[in-house]
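Colleague: A single structure is presented below for examination.
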There are 2 protein chains.
Amino acid sequence: MNTYVTHGINLLRSKGFRITTARQQVLAILSETEAPLSPYDVVDYMSEKNQKTDAITVYRIFDCLEQNGLIHRILSSGKFVKCRIEAHTPHSQQQCCHHIAICDGCGTTREIHCHAPIHIPPIPDMIITGHRLELIGRCTSCQERFS
Amino acid sequence: MNTYVTHGINLLRSKGFRITTARQQVLAILSETEAPLSPYDVVDYMSEKNQKTDAITVYRIFDCLEQNGLIHRILSSGKFVKCRIEAHTPHSQQQCCHHIAICDGCGTTREIHCHAPIHIPPIPDMIITGHRLELIGRCTSCQERFS
DNA sequence: ATCATTGCAAACCGTTTGCAGCCTT
DNA sequence: AAGGCTGCAAACGGTTTGCAATGAT
């Protein structure tokens with residue numbers, strides 16, 4: 001039982017969610033995996049461990065975890081990764097924020113804590129309230145593998 | 001026949017694509033619409049004009065237009081908008097680029113030409129080669145409507 | 001005991017594929 | 001005339017919904 005799992009369990013419990021075995025198992029799998037996972041990826045992982053679950057259940061657990069800032073949804077792939085930075089604050093141009101960098105070789109992700117504001121030129125007739133940013137890159141091992 | 005449509009037609013022709021009526025009709029609809037459209041939205045629009053098309057055809061036309069930088073794909077919704085900025089260059093942190101701002105009230109979009117580099121702190125073990133950025137905001141009329 | 005959560009079935013939606021026929025070149 | 005493009009049919013994968021059974025509190 002690692003930090004991510006216990007943190008997740010405590011957070012969910014504090015908000016009145018029930019600590020079911022399915023939720024604990026999903027948290028455990030997320031904590032063991034660096035690459036983003038789809039709900040069906042999780043089902044496969046779990047069946048390898050002889051833990052039978054339905055994909056629908058994983059969908060609902062992912063919804064719950066996302067709403068509580070425990071996982072990131074990756075727009076470009078529809079998959080999810082654990083979120084280790086507790087303060088997941090949606091932000092304007094002035095606030096501190098964090099984003100995800102995705103390796104286009106292996107899909108591994110890194111979280112980025114970004115204190116510098118993103119500079120955006122004024123937009124006519126529109127007030128900006130937030131943004132979604134995904135960085136595409138290549139991790140060290142993929143740099144070696146593909147060079 | 002406006003600038004966007006003629007520009008699109010000329011670009012496609014110059015690359016050896018055929019100028020079919022379906023492609024011209026889709027370009028015309030894109031030029032008339034500020035909000036992002038799904039392929040099925042386009043089919044509906046066209047049937048209102050008594051122009052019958054198949055959604056599959058629109059999908060393929062969208063693919064073609066996207067590859068030629070004539071439309072943007074919006075990750076968060078899977079819809080598309082016309083792209084008026086010709087130089088649609090994927091970019092690193094140093095280059096000039098452009099992105100989309102989306103009104104969360106009505107879905108209208110604005111294109112942003114962004115010359116200032118986006119400042120990203122160094123990421124351990126990863127080289128950043130590109131990024132996807134979508135700005136969320138609220139346009140003037142929606143600010144009034146919802147206030 | 002209560003009620004949130006799970007799991008099965010089935011529907012749903014957006015998207016893709018194969019192939020014959022059409023239309024631009 | 002040639003071959004890119006269209007459109008129908010059908011399949012496909014991911015996601016959602018309804019409802020009864022289960023299990024955490």
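So you can find residues: chains in the structure tokens are A, B, ... in the order shown, residues in each start at 1, and ligands are numbered from 1 in order.
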Residues of chain A within 9 Å of chain D, counting only C-alpha atoms (C1' of nucleotides) - could you list those as a tab-separated table (two decimals) with N, CA and C atoms, in the first residue's frame?

Modeller:
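Result file follows (out26.tsv):
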chain	number	residue	atom	x	y	z
A	18	ARG	N	-17.48	5.51	-0.61
A	18	ARG	CA	-17.23	4.24	0.05
A	18	ARG	C	-15.96	3.59	-0.49
A	19	ILE	N	-15.23	2.97	0.42
A	19	ILE	CA	-13.96	2.37	0.03
A	19	ILE	C	-14.20	0.92	-0.36
A	20	THR	N	-14.49	0.71	-1.63
A	20	THR	CA	-14.78	-0.64	-2.11
A	20	THR	C	-13.50	-1.30	-2.59
A	56	ILE	N	-17.49	-1.21	-17.24
A	56	ILE	CA	-18.43	-0.16	-16.83
A	56	ILE	C	-18.10	0.34	-15.44
A	59	TYR	N	-15.12	2.59	-15.68
A	59	TYR	CA	-15.55	3.90	-16.16
A	59	TYR	C	-16.05	4.76	-15.01

Colleague: Pick out the residues sitting within 10 Å of Pro124 in chain B, and hand them over as a PyMOL selection string; count only C-alpha atoms (C1' of nucleotides), and ignore anything fewer than 2 positions along from it in its own chain.

Modeller: (chain A and resi 110+112+139-140) or (chain B and resi 121-122+126-127)

Colleague: Which parts of chain A does DSSP call alpha helix (DSSP H) when run on the backbone here, written out as number ranges by chain?

Modeller: A: 3-14, 21-32, 39-48, 55-67, 140-145

Colleague: Write out as an NGL selection string every residue belonging to chain B that has an atom at most 12 Å from any atom of chain C, counting only C-alpha atoms (C1' of nucleotides).

Modeller: :B and (13 or 16-22 or 38-40 or 55-60 or 77-79)

Colleague: Just the selected residues (N, CA and C atoms), exported as a short mmCIF file (atom, residue, chain, number, x, y, z; two decimals), in the first residue's frame, please.

Modeller:
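Just written: selection30.cif:
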data_model
loop_
_atom_site.label_atom_id
_atom_site.label_comp_id
_atom_site.auth_asym_id
_atom_site.auth_seq_id
_atom_site.Cartn_x
_atom_site.Cartn_y
_atom_site.Cartn_z
N ARG B 13 -6.60 22.17 -55.04
CA ARG B 13 -6.28 21.95 -56.46
C ARG B 13 -4.77 21.90 -56.68
N GLY B 16 -3.27 18.68 -56.07
CA GLY B 16 -3.72 17.57 -56.89
C GLY B 16 -5.02 16.93 -56.43
N PHE B 17 -5.66 17.50 -55.42
CA PHE B 17 -6.96 16.97 -55.00
C PHE B 17 -8.02 17.43 -55.99
N ARG B 18 -9.07 16.64 -56.11
CA ARG B 18 -10.13 17.00 -57.04
C ARG B 18 -11.15 17.91 -56.38
N ILE B 19 -11.65 18.85 -57.14
CA ILE B 19 -12.61 19.81 -56.61
C ILE B 19 -14.02 19.29 -56.86
N THR B 20 -14.51 18.53 -55.90
CA THR B 20 -15.84 17.94 -56.05
C THR B 20 -16.88 18.87 -55.43
N THR B 21 -18.12 18.64 -55.80
CA THR B 21 -19.18 19.48 -55.23
C THR B 21 -19.27 19.28 -53.72
N ALA B 22 -19.10 18.04 -53.25
CA ALA B 22 -19.16 17.79 -51.81
C ALA B 22 -18.11 18.62 -51.07
N SER B 38 -19.40 19.02 -35.92
CA SER B 38 -19.10 17.60 -36.08
C SER B 38 -19.49 17.20 -37.50
N PRO B 39 -18.99 16.06 -37.99
CA PRO B 39 -19.40 15.60 -39.32
C PRO B 39 -20.92 15.54 -39.46
N TYR B 40 -21.62 15.06 -38.43
CA TYR B 40 -23.06 14.95 -38.51
C TYR B 40 -23.73 16.33 -38.51
N ALA B 55 -22.48 11.03 -43.97
CA ALA B 55 -21.56 11.42 -42.91
C ALA B 55 -20.15 10.89 -43.18
N ILE B 56 -20.09 9.70 -43.76
CA ILE B 56 -18.79 9.10 -44.06
C ILE B 56 -17.99 10.00 -45.00
N THR B 57 -18.68 10.55 -45.97
CA THR B 57 -18.03 11.46 -46.90
C THR B 57 -17.49 12.68 -46.16
N VAL B 58 -18.29 13.21 -45.24
CA VAL B 58 -17.84 14.38 -44.49
C VAL B 58 -16.62 14.03 -43.65
N TYR B 59 -16.62 12.85 -43.05
CA TYR B 59 -15.45 12.41 -42.31
C TYR B 59 -14.21 12.46 -43.19
N ARG B 60 -14.34 11.92 -44.40
CA ARG B 60 -13.18 11.85 -45.28
C ARG B 60 -12.76 13.24 -45.75
N SER B 77 -13.84 18.29 -27.87
CA SER B 77 -15.18 17.99 -28.36
C SER B 77 -15.20 17.09 -29.59
N GLY B 78 -14.05 16.91 -30.25
CA GLY B 78 -14.03 16.12 -31.47
C GLY B 78 -14.64 16.83 -32.66
N LYS B 79 -14.89 18.13 -32.53
CA LYS B 79 -15.47 18.88 -33.64
C LYS B 79 -14.38 19.65 -34.39
#

Colleague: Each residue of chain A with at least one atom at most 10 Å from chain B should appear once, together with its nearest atom pair and the corresponding distance in Å (one decimal); atoms considered: only C-alpha atoms; ordering: chain, then increasing residue number; output as a Markdown table.

Modeller:
| residue | atom | partner | partner_atom | distance |
| --- | --- | --- | --- | --- |
| A:Ile74 | CA | B:Ser76 | CA | 9.7 |
| A:Leu75 | CA | B:Leu75 | CA | 6.1 |
| A:Ser76 | CA | B:Leu75 | CA | 6.3 |
| A:Ser77 | CA | B:Leu75 | CA | 9.4 |
| A:Gly78 | CA | B:Ser76 | CA | 9.8 |
| A:Ser92 | CA | B:Ile136 | CA | 9.6 |
| A:His99 | CA | B:Ile120 | CA | 9.9 |
| A:Ala101 | CA | B:Ile128 | CA | 7.7 |
| A:Ile102 | CA | B:Ile128 | CA | 8.8 |
| A:Cys103 | CA | B:Met126 | CA | 7.6 |
| A:Asp104 | CA | B:Thr129 | CA | 9.4 |
| A:Thr109 | CA | B:Met126 | CA | 9.4 |
| A:Arg110 | CA | B:Ile123 | CA | 7.8 |
| A:Glu111 | CA | B:Ile123 | CA | 8.6 |
| A:Ile112 | CA | B:Ile123 | CA | 7.2 |
| A:His113 | CA | B:Pro121 | CA | 8.0 |
| A:Cys114 | CA | B:Pro121 | CA | 6.8 |
| A:His115 | CA | B:Pro121 | CA | 8.5 |
| A:Ala116 | CA | B:His119 | CA | 6.7 |
| A:Pro117 | CA | B:His119 | CA | 7.8 |
| A:Ile118 | CA | B:Ile118 | CA | 5.8 |
| A:His119 | CA | B:Ile118 | CA | 6.6 |
| A:Ile120 | CA | B:Cys114 | CA | 6.8 |
| A:Pro121 | CA | B:Cys114 | CA | 6.8 |
| A:Pro122 | CA | B:Ile112 | CA | 8.9 |
| A:Ile123 | CA | B:Ile112 | CA | 7.2 |
| A:Pro124 | CA | B:Arg110 | CA | 8.4 |
| A:Asp125 | CA | B:Thr140 | CA | 5.2 |
| A:Met126 | CA | B:Cys139 | CA | 4.2 |
| A:Ile127 | CA | B:Gly137 | CA | 5.3 |
| A:Ile128 | CA | B:Gly137 | CA | 4.0 |
| A:Thr129 | CA | B:Gly137 | CA | 4.9 |
| A:Gly130 | CA | B:Ile136 | CA | 5.0 |
| A:His131 | CA | B:Leu135 | CA | 4.2 |
| A:Arg132 | CA | B:Glu134 | CA | 5.2 |
| A:Leu133 | CA | B:Leu133 | CA | 4.5 |
| A:Glu134 | CA | B:Arg132 | CA | 5.1 |
| A:Leu135 | CA | B:His131 | CA | 4.2 |
| A:Ile136 | CA | B:Gly130 | CA | 5.0 |
| A:Gly137 | CA | B:Ile128 | CA | 4.0 |
| A:Arg138 | CA | B:Ile127 | CA | 5.3 |
| A:Cys139 | CA | B:Met126 | CA | 4.2 |
| A:Thr140 | CA | B:Asp125 | CA | 5.2 |
| A:Ser141 | CA | B:Asp125 | CA | 8.4 |
| A:Cys142 | CA | B:Met126 | CA | 9.3 |
| A:Gln143 | CA | B:Ile127 | CA | 8.6 |

Colleague: Using DSSP on the backbone coordinates, identify the residues of range 37-142 of chain A assigned to strand (DSSP E); present them as number ranges by chain.

Modeller: A: 71-73, 80-82, 97-103, 109-114, 126-139
